[in-house]
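A short write-up of the structure that comes next.
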Amino acid sequence: MQRISAILVMCILTSLGLSAQSYKPPPYQKFKLKKGLTVYLMEQHEVPAISVSVILPAGAIYDGEKSGLASLTSAALKHGTKNYTKEKLDNELDFLGASITASASKESAGLSARMAAKDQDKVLNLLKEILLEPTFDTAQFEKEKKRLLVSLEQQKESPRSVIGSYFDKFLYGDHVYGNMVQGRISTVTPLTADDIRKFYTENYLPEGSAMAVAGDFKTAEMKTRITDLFSGWKKETKPQANLASKPISRLDKQQVLLVNKDDAKETTFYIGAPGISRNNPDFVAVDVINTLFGGRFTSMLNDELRVNTGLTYGASSRFSALKNGGSFVISTFTEGKTTEPAIDKALEVLNKLHKDGIDEKSLTSARNYVKGQFPPRYETAGQLAGLMTQMFWYNFEKNVDGLTLDKAKEIIARYFPKDKLQFVLVGKAADIKKIAEKYGPVTEVQIKEEVKKGF
């Protein structure tokens, strides 16, 4: 067993934005099962509870032409196991006061579990059955699919529910990062229980997956328990392809996607461009500067668009970072009649960031804000278990306090885009199309239509 010291953990956590002086996490242990599953164990005896986090390379990037498949597969894990029907499984968890949830994102799928320490044997066995022995009941799958289809239809009434999918497809094109996690009505409708069984067999594999357990247990005993439960996990004979490693096509011009919603009174818009990967060594520095630009309530964007001009109730920016790439987005909404001044103001603030940069006082404020936000996010066993699986999934480098004003100038110039921006506007096209044309060639689609493979 590999023993990881508290000092090393502090170094890793510092790279996420926390000074070693302000937080001292407990030590943890790491080991790997023969079939490939990486396991992290962290004892936390303050509360008689245990949390588990599992991460697997089974996200929407593996959907292929069957968009929504990863999401439905994760949901269907709890539709029954070899020894439990869905109803029996739900009742057992309710009786124990425990929970097991499953979900999928663009790159990965995940499970999380919470339980009282005294019930760990029962709940860990349930987790093992859900992860390794799901039956994918056909009747339950059809109910789940029907619920998803209703949700996809309802989302068309909410610009803020769909604009992210339009932006990702507009930005990434045919790259797998453009895949919609929930899928589209046309791709979800033909899916069957056999499809999710096949997806599970091909993608729910121990190699490339990790499990983190944090809470009130003895490490030696938990290692034995986890080894006994999960050593039989089937290992695929061929390695899983890294579909996201394919280069992302770079956009060579500024352009606009206008999503028409005839009854819209507001315009919801994204202004963005390619961003950075989570493994970028400058990730934390970028996060600190984005905190100033649009990452908190007192940011430059929110001050100008909400406080000073009243053009919106809120404006923000973010870097959505994945393993092999990512995006940068400025997002807000405004009345239809103030669409142009709101967009112009957002661009003005972005240009000001490039022209004027930031001062020492603002930089110090942002560093302290980022560091101050970190500890409350990693206090409970569940939060720490999630942190460990994220440490497995990404490589963390650098730290907050190493960001100087000179470095900040370099970060702004390198990572905060100002050219070849991509605009996605959701609103009433009859009122805002002429405005949209000001920012680049316009492609118009209808919100009632699906997000297409290409525009």
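So you can find residues: chains in the structure tokens are A, B, ... in the order shown, residues in each start at 1, and ligands are numbered from 1 in order.
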Query raised in the report: So which bits of region 147-287 of chain A end up alpha helix (DSSP H) when you DSSP the backbone, as a PyMOL selection string?
Result: chain A and resi 147-155+159-172+185-188+193-203+219-230+283-287
Write a file of the selected residues as a short mmCIF file (atom, residue, chain, number, x, y, z; two decimals), in the first residue's frame, keeping C-alpha atoms.
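Once written, out.cif looks like this:
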```
data_model
loop_
_atom_site.label_atom_id
_atom_site.label_comp_id
_atom_site.auth_asym_id
_atom_site.auth_seq_id
_atom_site.Cartn_x
_atom_site.Cartn_y
_atom_site.Cartn_z
CA ARG A 147 -39.08 11.18 -18.68
CA LEU A 148 -35.97 12.34 -20.55
CA LEU A 149 -37.90 12.99 -23.75
CA VAL A 150 -40.44 15.11 -21.87
CA SER A 151 -37.60 17.06 -20.28
CA LEU A 152 -35.91 17.65 -23.64
CA GLU A 153 -39.16 18.99 -25.05
CA GLN A 154 -39.72 21.28 -22.08
CA GLN A 155 -36.20 22.69 -22.30
CA PRO A 159 -33.31 29.74 -23.47
CA ARG A 160 -31.00 29.27 -20.50
CA SER A 161 -31.62 25.51 -20.59
CA VAL A 162 -30.55 25.09 -24.22
CA ILE A 163 -28.02 27.82 -24.97
CA GLY A 164 -25.12 25.81 -23.54
CA SER A 165 -25.76 22.92 -25.92
CA TYR A 166 -26.02 25.27 -28.89
CA PHE A 167 -22.78 26.96 -27.90
CA ASP A 168 -20.87 23.69 -27.46
CA LYS A 169 -21.98 22.41 -30.85
CA PHE A 170 -21.21 25.78 -32.47
CA LEU A 171 -17.75 25.89 -30.87
CA TYR A 172 -16.66 22.26 -31.09
CA ILE A 185 -35.12 13.86 -29.10
CA SER A 186 -34.21 12.25 -32.43
CA THR A 187 -31.30 10.29 -30.91
CA VAL A 188 -32.93 9.35 -27.60
CA ALA A 193 -32.19 -1.29 -23.22
CA ASP A 194 -29.83 -3.31 -25.41
CA ASP A 195 -28.05 -0.09 -26.36
CA ILE A 196 -27.32 0.77 -22.74
CA ARG A 197 -26.24 -2.81 -21.97
CA LYS A 198 -23.73 -2.56 -24.83
CA PHE A 199 -22.55 0.89 -23.71
CA TYR A 200 -22.09 -0.42 -20.18
CA THR A 201 -20.08 -3.44 -21.33
CA GLU A 202 -17.77 -1.31 -23.47
CA ASN A 203 -17.22 1.63 -21.12
CA THR A 219 -8.03 1.84 6.58
CA ALA A 220 -6.76 -1.74 6.74
CA GLU A 221 -10.29 -3.10 7.14
CA MET A 222 -11.67 -0.94 4.34
CA LYS A 223 -8.87 -1.99 2.00
CA THR A 224 -9.80 -5.62 2.55
CA ARG A 225 -13.50 -4.89 2.09
CA ILE A 226 -13.03 -2.95 -1.17
CA THR A 227 -10.61 -5.53 -2.52
CA ASP A 228 -13.04 -8.37 -1.81
CA LEU A 229 -15.98 -6.55 -3.37
CA PHE A 230 -14.40 -5.15 -6.53
CA PHE A 283 -5.29 26.77 -14.88
CA VAL A 284 -5.29 28.22 -11.37
CA ALA A 285 -3.81 31.52 -12.54
CA VAL A 286 -6.52 31.76 -15.18
CA ASP A 287 -9.14 31.01 -12.52
#
```
Query raised in the report: Tell me, which residues of region 105-208 of chain A carry DSSP strand (DSSP E), written as JSON, numbers by chain?
Result: {"A": [109, 110, 111, 112, 113, 114, 115, 116]}
Write a file of the selected residues as a short mmCIF file (atom, residue, chain, number, x, y, z; two decimals), in the first residue's frame, keeping N, CA and C atoms.
```cif
data_model
loop_
_atom_site.label_atom_id
_atom_site.label_comp_id
_atom_site.auth_asym_id
_atom_site.auth_seq_id
_atom_site.Cartn_x
_atom_site.Cartn_y
_atom_site.Cartn_z
N ALA A 109 -18.56 9.27 -16.22
CA ALA A 109 -19.74 8.91 -15.43
C ALA A 109 -19.29 8.79 -13.98
N GLY A 110 -20.23 8.92 -13.07
CA GLY A 110 -19.85 8.85 -11.67
C GLY A 110 -20.95 8.31 -10.79
N LEU A 111 -20.55 7.73 -9.68
CA LEU A 111 -21.47 7.31 -8.64
C LEU A 111 -21.00 7.90 -7.33
N SER A 112 -21.94 8.20 -6.46
CA SER A 112 -21.59 8.64 -5.12
C SER A 112 -22.53 7.97 -4.14
N ALA A 113 -22.00 7.69 -2.95
CA ALA A 113 -22.79 7.01 -1.92
C ALA A 113 -22.52 7.64 -0.57
N ARG A 114 -23.55 7.70 0.26
CA ARG A 114 -23.42 8.17 1.63
C ARG A 114 -24.11 7.17 2.54
N MET A 115 -23.51 6.91 3.69
CA MET A 115 -24.06 5.90 4.60
C MET A 115 -23.57 6.14 6.01
N ALA A 116 -24.30 5.64 6.97
CA ALA A 116 -23.81 5.61 8.35
C ALA A 116 -22.72 4.56 8.44
#
```
Query raised in the report: Which value, in Å to one decimal, gives the distance between CA of Leu322 (chain A) and CA of Ala104 (chain A)?
Result: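 For CA of Leu322 (chain A) relative to CA of Ala104 (chain A), the distance reads 14.0 Å.
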Query raised in the report: In Å to one decimal, how far is CA of Gly294 (chain A) from CA of Ile358 (chain A)?
Result: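 The value is 13.1 Å.
Closest approach to Ala342 (chain A) from the set A:Asp137, A:Glu304, A:Glu444, A:Glu360 is made by A:Glu304, with distances taken over only C-alpha atoms.
Coordinates place CA of Gln29 (chain A) at a distance of 18.4 Å from CA of Glu46 (chain A).
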Requested in this report: For Ser327 (chain A), list every protein, DNA or RNA residue within 6 Å, evaluated using only C-alpha atoms, and leave out those in the same chain fewer than 4 positions away; present the list as an MDAnalysis selection string.
Outcome: chainID A and resid 273:275 319:320
Query raised in the report: Could you name the residues that touch Leu132 (chain A) at 8 Å or less, counting only C-alpha atoms, but leaving out those on the same chain fewer than 3 positions away, as a PyMOL selection string?
Result: chain A and resi 128-129+233
**Report entry** Contact residues around Arg184 (chain A) with only C-alpha atoms at 9 Å, ignoring same-chain residues under 4 positions, as a VMD selection string
**Finding:** chain A and resid 66 to 68 149 152 180 188 to 189 450 to 452
Emit the selected residues as a PDB file, in the first residue's frame, including N, CA and C atoms.
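Saved file result_2.pdb follows:
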```pdb
ATOM      1  N   LYS A  66     -25.418   8.034 -30.973  1.00  0.00           N
ATOM      2  CA  LYS A  66     -26.548   7.799 -30.071  1.00  0.00           C
ATOM      3  C   LYS A  66     -26.477   8.765 -28.888  1.00  0.00           C
ATOM      4  N   SER A  67     -26.592  10.040 -29.197  1.00  0.00           N
ATOM      5  CA  SER A  67     -26.484  11.073 -28.174  1.00  0.00           C
ATOM      6  C   SER A  67     -27.506  10.868 -27.059  1.00  0.00           C
ATOM      7  N   GLY A  68     -27.040  10.947 -25.829  1.00  0.00           N
ATOM      8  CA  GLY A  68     -27.883  10.699 -24.663  1.00  0.00           C
ATOM      9  C   GLY A  68     -27.676   9.328 -24.055  1.00  0.00           C
ATOM     10  N   LEU A 149     -37.336  12.376 -22.556  1.00  0.00           N
ATOM     11  CA  LEU A 149     -37.905  12.992 -23.748  1.00  0.00           C
ATOM     12  C   LEU A 149     -38.814  14.165 -23.387  1.00  0.00           C
ATOM     13  N   LEU A 152     -36.523  17.042 -22.471  1.00  0.00           N
ATOM     14  CA  LEU A 152     -35.909  17.655 -23.641  1.00  0.00           C
ATOM     15  C   LEU A 152     -36.888  18.558 -24.373  1.00  0.00           C
ATOM     16  N   MET A 180     -24.012  16.384 -26.816  1.00  0.00           N
ATOM     17  CA  MET A 180     -24.943  16.810 -25.770  1.00  0.00           C
ATOM     18  C   MET A 180     -25.094  15.687 -24.752  1.00  0.00           C
ATOM     19  N   VAL A 188     -32.476  10.077 -28.786  1.00  0.00           N
ATOM     20  CA  VAL A 188     -32.931   9.351 -27.602  1.00  0.00           C
ATOM     21  C   VAL A 188     -34.091   8.426 -27.934  1.00  0.00           C
ATOM     22  N   THR A 189     -34.993   8.871 -28.809  1.00  0.00           N
ATOM     23  CA  THR A 189     -36.215   8.109 -29.113  1.00  0.00           C
ATOM     24  C   THR A 189     -35.937   6.664 -29.527  1.00  0.00           C
ATOM     25  N   GLU A 450     -34.013  20.885 -33.306  1.00  0.00           N
ATOM     26  CA  GLU A 450     -32.981  20.278 -32.489  1.00  0.00           C
ATOM     27  C   GLU A 450     -31.638  20.953 -32.711  1.00  0.00           C
ATOM     28  N   VAL A 451     -30.763  20.816 -31.725  1.00  0.00           N
ATOM     29  CA  VAL A 451     -29.376  21.228 -31.916  1.00  0.00           C
ATOM     30  C   VAL A 451     -28.755  20.275 -32.913  1.00  0.00           C
ATOM     31  N   LYS A 452     -28.368  20.791 -34.059  1.00  0.00           N
ATOM     32  CA  LYS A 452     -27.926  19.936 -35.145  1.00  0.00           C
ATOM     33  C   LYS A 452     -26.466  19.556 -34.990  1.00  0.00           C
TER      34      LYS A 452
END
```
**Report entry** Contact residues around Asp174 (chain A) with only C-alpha atoms at 12 Å, ignoring same-chain residues under 2 positions, as a list in words
**Finding:**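 Here the answer would be Ile61, Gly64, Glu65, Asp168, Lys169, Phe170, Leu171, Tyr172, Val176, Tyr177, Gly178, Asn179, Met180, Leu243, Ala244, Lys246, Pro247, Ile248, Ser249, Arg250, Lys452, Lys453, Gly454 and Phe455 of chain A.
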Selected residues written out, N, CA and C atoms, as a JSON list (two decimals), in the first residue's frame:
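Listing of result_17.json after writing:
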```
[["chain", "number", "residue", "atom", "x", "y", "z"],
["A", 61, "ILE", "N", -18.86, 11.68, -24.46],
["A", 61, "ILE", "CA", -17.94, 11.64, -25.60],
["A", 61, "ILE", "C", -17.92, 10.25, -26.25],
["A", 64, "GLY", "N", -21.16, 8.37, -29.54],
["A", 64, "GLY", "CA", -21.21, 8.18, -30.99],
["A", 64, "GLY", "C", -22.41, 8.91, -31.57],
["A", 65, "GLU", "N", -23.16, 8.21, -32.44],
["A", 65, "GLU", "CA", -24.36, 8.80, -33.04],
["A", 65, "GLU", "C", -25.57, 8.69, -32.12],
["A", 168, "ASP", "N", -21.85, 24.76, -27.35],
["A", 168, "ASP", "CA", -20.87, 23.69, -27.46],
["A", 168, "ASP", "C", -20.81, 23.14, -28.88],
["A", 169, "LYS", "N", -21.97, 22.93, -29.49],
["A", 169, "LYS", "CA", -21.98, 22.41, -30.85],
["A", 169, "LYS", "C", -21.41, 23.44, -31.83],
["A", 170, "PHE", "N", -21.72, 24.72, -31.61],
["A", 170, "PHE", "CA", -21.21, 25.78, -32.47],
["A", 170, "PHE", "C", -19.70, 25.88, -32.35],
["A", 171, "LEU", "N", -19.18, 25.74, -31.13],
["A", 171, "LEU", "CA", -17.75, 25.89, -30.87],
["A", 171, "LEU", "C", -16.95, 24.66, -31.28],
["A", 172, "TYR", "N", -17.43, 23.48, -30.90],
["A", 172, "TYR", "CA", -16.66, 22.26, -31.09],
["A", 172, "TYR", "C", -16.96, 21.53, -32.39],
["A", 176, "VAL", "N", -15.96, 15.40, -30.26],
["A", 176, "VAL", "CA", -16.82, 14.76, -29.27],
["A", 176, "VAL", "C", -17.20, 15.69, -28.12],
["A", 177, "TYR", "N", -16.44, 16.77, -27.91],
["A", 177, "TYR", "CA", -16.83, 17.72, -26.87],
["A", 177, "TYR", "C", -18.11, 18.48, -27.24],
["A", 178, "GLY", "N", -18.52, 18.39, -28.49],
["A", 178, "GLY", "CA", -19.78, 18.99, -28.90],
["A", 178, "GLY", "C", -20.98, 18.11, -28.60],
["A", 179, "ASN", "N", -20.76, 16.88, -28.12],
["A", 179, "ASN", "CA", -21.86, 15.97, -27.81],
["A", 179, "ASN", "C", -22.72, 16.53, -26.68],
["A", 180, "MET", "N", -24.01, 16.38, -26.82],
["A", 180, "MET", "CA", -24.94, 16.81, -25.77],
["A", 180, "MET", "C", -25.09, 15.69, -24.75],
["A", 243, "LEU", "N", -11.17, 9.27, -27.24],
["A", 243, "LEU", "CA", -11.79, 9.96, -28.36],
["A", 243, "LEU", "C", -11.59, 11.47, -28.29],
["A", 244, "ALA", "N", -11.43, 12.01, -27.08],
["A", 244, "ALA", "CA", -11.30, 13.46, -26.94],
["A", 244, "ALA", "C", -9.91, 13.96, -27.30],
["A", 246, "LYS", "N", -8.51, 13.78, -30.09],
["A", 246, "LYS", "CA", -8.52, 14.31, -31.44],
["A", 246, "LYS", "C", -8.44, 15.84, -31.39],
["A", 247, "PRO", "N", -7.60, 16.45, -32.22],
["A", 247, "PRO", "CA", -7.47, 17.91, -32.18],
["A", 247, "PRO", "C", -8.81, 18.61, -32.40],
["A", 248, "ILE", "N", -9.02, 19.69, -31.68],
["A", 248, "ILE", "CA", -10.23, 20.49, -31.83],
["A", 248, "ILE", "C", -9.98, 21.52, -32.92],
["A", 249, "SER", "N", -10.85, 21.55, -33.92],
["A", 249, "SER", "CA", -10.68, 22.50, -35.02],
["A", 249, "SER", "C", -10.75, 23.93, -34.49],
["A", 250, "ARG", "N", -9.82, 24.75, -34.90],
["A", 250, "ARG", "CA", -9.79, 26.13, -34.47],
["A", 250, "ARG", "C", -10.64, 26.98, -35.41],
["A", 452, "LYS", "N", -28.37, 20.79, -34.06],
["A", 452, "LYS", "CA", -27.93, 19.94, -35.15],
["A", 452, "LYS", "C", -26.47, 19.56, -34.99],
["A", 453, "LYS", "N", -26.11, 18.52, -35.76],
["A", 453, "LYS", "CA", -24.72, 18.06, -35.73],
["A", 453, "LYS", "C", -23.80, 19.14, -36.25],
["A", 454, "GLY", "N", -24.24, 19.87, -37.21],
["A", 454, "GLY", "CA", -23.45, 20.98, -37.75],
["A", 454, "GLY", "C", -24.36, 22.11, -38.14],
["A", 455, "PHE", "N", -23.85, 23.33, -38.14],
["A", 455, "PHE", "CA", -24.69, 24.48, -38.49],
["A", 455, "PHE", "C", -24.28, 25.04, -39.84]]
```
Report summary line: With distances taken over only C-alpha atoms, the candidate from A:Ala346, A:Ile271, A:Ile432, A:Ile447 nearest Asp303 (chain A) is A:Ala346
**Report entry** Shell around Lys82 (chain A) at 8 Å using only C-alpha atoms, local window under 5 positions removed, as a ChimeraX atom specification
**Finding:** /A:129,133-135
Report task. Point out the residue among A:Asp359, A:Glu107, A:Asp419, A:Glu157 with the least atom-to-atom distance to Tyr62 (chain A), counting only C-alpha atoms. Result ->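 So, comparing all the options, the nearest one is A:Glu107.
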